[in-house]
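I have placed the structure first, in the form of structure tokens, so that the comments after it can refer back to it.
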Amino acid sequence: MSLPETNVSQEEKKDSKLLSKFLNGIEKAGNKLPDPFMLFVYLALFMILLSWVVSSFGVSVVQPGSGEEVAIKSLISAEGIQYMLTSMLENFTGFKPLGLVLAMMLGIGLAEKVGLIETAIKSTILKAPASLTTYAVIFVGILGNLASDAAFVIVPPLAAMVFYTVGRHPLAGLAAGFAGVGSGFTANIVIAGTDALLSGISTEVMQSLDSSVVVTPVDNWYFMVVSVFVLSITGALVTEKIVEPRLGKYDGDLKKEMKASTPLEKKGLKNAAIALVTYIGLLLVALFWPNSPLRNETGGIIPSTFLDGIIPIILFMFIAVAVTYGITVNKIEKTKDISTFMGDAIKDMSGFIVLIFAAAQFIAYFDWTNIGTWIAVSGAGFLESLGLTGIPVIIGFVFLTALMNLLVFSGSAQWALEAPIFIKMFYILDYHPAFIQAAYRIADSSTNIITPMNPYIIIVLAFMREYDKKAGLGTLISLMLPYSIIFLSVWIVLLLAFALLGIPFGPGVHMYL
């Protein structure tokens, strides 16, 4: 009986070594890539050179719909040099994701800085029945993306503490929390910064093809709301059926205690909830008031001022609940504190601002040269010639994105790379850009937790070593790999179910235009 156990153990060790070798290869290759800012700088330089080479052959393409012949323009020309010099600032300040994301972070960042989001997370997990603990951890982890990257630091250690407190293996809790935050990063039941950021990039790309098509932050909302509950159940099952049995019983001697929210924090959370309900109530009254200016001329909501102004509406909501909480817990004692916390939140976005400067130039160059249109039309024609214009090509796109995410962790950076090509390519095939964006999001999120390019993996590994001193990167990856594979598989099925059954991905948004 002992011999088979030894053989199994040796086989597991062998598989672990192969996996570690594979992951080390990815990490080594990924580390050779420049940081995202320089990556876009190099891409912009490459675009300049490519436009010159392609245009020198007199390449042109017929624009679908209008029938207009569009020629590739060179950036190494009098016209191109003038364009680059005179458009640089406009490319940056006029880049839609910049204003959208910074505005959202004023509210979400304020809520995070005063401690509202952390208190809400702790209170939700601690109040869950023991049988629902795993589901609550995954659920809260997914919703944690409201705090953006802060959720990577807040949720996993809290989840590990919860599991430890109730007598379960803390690393299973940590893995569940990390899976919720990482692989479920793009899903939520409310409109988050990710919706604003990605839809802004999508709209930016569409402006050069069809300015009447606008991707709004709510265009993937229905799909993402359903995803939250589907992934919560999926993540809990993976934890309890695969991850936790593999870990076995925790035999560490660590003595830690999870502190519940203080009475003052609970009072602050209660007051914040009252403020939220009040805000939503007033919003609904304003929305359904006769002849409301928030609706369109026919009284509908699609399109309407309400949807067009969803970012300011959500911004004011976060500010209202955050200020209420902050005043209650004495984090906000004077009005100056509000602007100070908001300023701190924007400071945390400095890297994003720098990245956007380079990304905006690349996307602008890509559009101006007409190379994007040329690739899109040619690519669509190639796919059609292969007969890959249906579901198979969508699934292929999902897998391609998931693989690319192993080397480019930033979701916004990767979408800025893919959107100019794939949105246009699929748009020509009559797919709605918001549907393609949804396909991108499920692929990008699923592999967040297994890529060595994720800077938070090192932080999560440090949390792991509080419970297991011998834990290494291979340990973490082996825990997270089942979540990544199963989340992606389930999400693909859900995407196809929405598409084939005609379920809208958001208000008025289906697979086809």
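Identifiers in the structure tokens: chain A, B, ... in order shown; residue index from 1 per chain; ligand index from 1 in order shown.
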Subject >> Selection near segment 196-200 of chain A, 6 Å with only C-alpha atoms, sequence-local residues under 4 positions removed, as a ChimeraX atom specification >> reply: /A:96-97,100-101,215-217
**OP:** Give me the residues within 12 Å of Leu89 of chain A as a ChimeraX atom specification, counting only C-alpha atoms and dropping any in the same chain fewer than 4 places off.
**Re:** /A:83-85,93-95,356-358,360-361,364
Produce a file of the selected residues containing C-alpha atoms, as an mmCIF file, in the first residue's frame.
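See result_32.cif below for the written result:
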data_model
loop_
_atom_site.group_PDB
_atom_site.id
_atom_site.type_symbol
_atom_site.label_atom_id
_atom_site.label_comp_id
_atom_site.auth_asym_id
_atom_site.auth_seq_id
_atom_site.Cartn_x
_atom_site.Cartn_y
_atom_site.Cartn_z
ATOM 1 C CA TYR A 83 0.433 65.120 -37.886
ATOM 2 C CA MET A 84 2.652 63.614 -35.174
ATOM 3 C CA LEU A 85 3.849 66.996 -33.925
ATOM 4 C CA THR A 93 -5.880 64.623 -23.524
ATOM 5 C CA GLY A 94 -8.565 63.493 -25.960
ATOM 6 C CA PHE A 95 -8.083 59.813 -25.182
ATOM 7 C CA ILE A 356 -1.889 56.200 -21.506
ATOM 8 C CA PHE A 357 0.365 58.920 -22.967
ATOM 9 C CA ALA A 358 2.301 56.326 -24.957
ATOM 10 C CA ALA A 360 -2.712 57.070 -27.030
ATOM 11 C CA GLN A 361 0.032 57.896 -29.533
ATOM 12 C CA ALA A 364 -3.677 57.402 -33.000
#
Original post:
Suppose you want the space between atom CA of Gly80 of chain A and atom CA of Met38 of chain A; what is it in Å?
Top reply: 21.7 Å
Interface rows for segment 147-181 of chain A against segment 219-242 of chain A: nearest pair, Å to one decimal, 9 Å, only C-alpha atoms, as JSON lines:
{"residue": "A:Ala172", "atom": "CA", "partner": "A:Thr239", "partner_atom": "CA", "distance": 6.6}
{"residue": "A:Gly173", "atom": "CA", "partner": "A:Thr239", "partner_atom": "CA", "distance": 8.2}
{"residue": "A:Ala175", "atom": "CA", "partner": "A:Thr239", "partner_atom": "CA", "distance": 7.9}
{"residue": "A:Ala176", "atom": "CA", "partner": "A:Thr239", "partner_atom": "CA", "distance": 6.4}
{"residue": "A:Ala179", "atom": "CA", "partner": "A:Gly235", "partner_atom": "CA", "distance": 7.4}
{"residue": "A:Gly180", "atom": "CA", "partner": "A:Gly235", "partner_atom": "CA", "distance": 7.4}
**OP:** Pick out each residue of segment 192-365 of chain A that DSSP on the backbone tags as helix (DSSP H, G or I); I need them as number ranges by chain.
**Re:** A: 193-206, 221-247, 263-288, 305-308, 310-328, 335-347, 350-365
Original post:
Neighbours of segment 293-306 of chain A within 12 Å (only C-alpha atoms; same-chain residues fewer than 2 positions away dropped), as number ranges by chain?
Top reply: A: 213-219, 283-291, 308-314, 506-509
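Minimum atom-to-atom distance to Met88 of chain A, evaluated using only C-alpha atoms, belongs to A:Ile363 out of A:Leu132, A:Ala187, A:Ile363, A:Val181.
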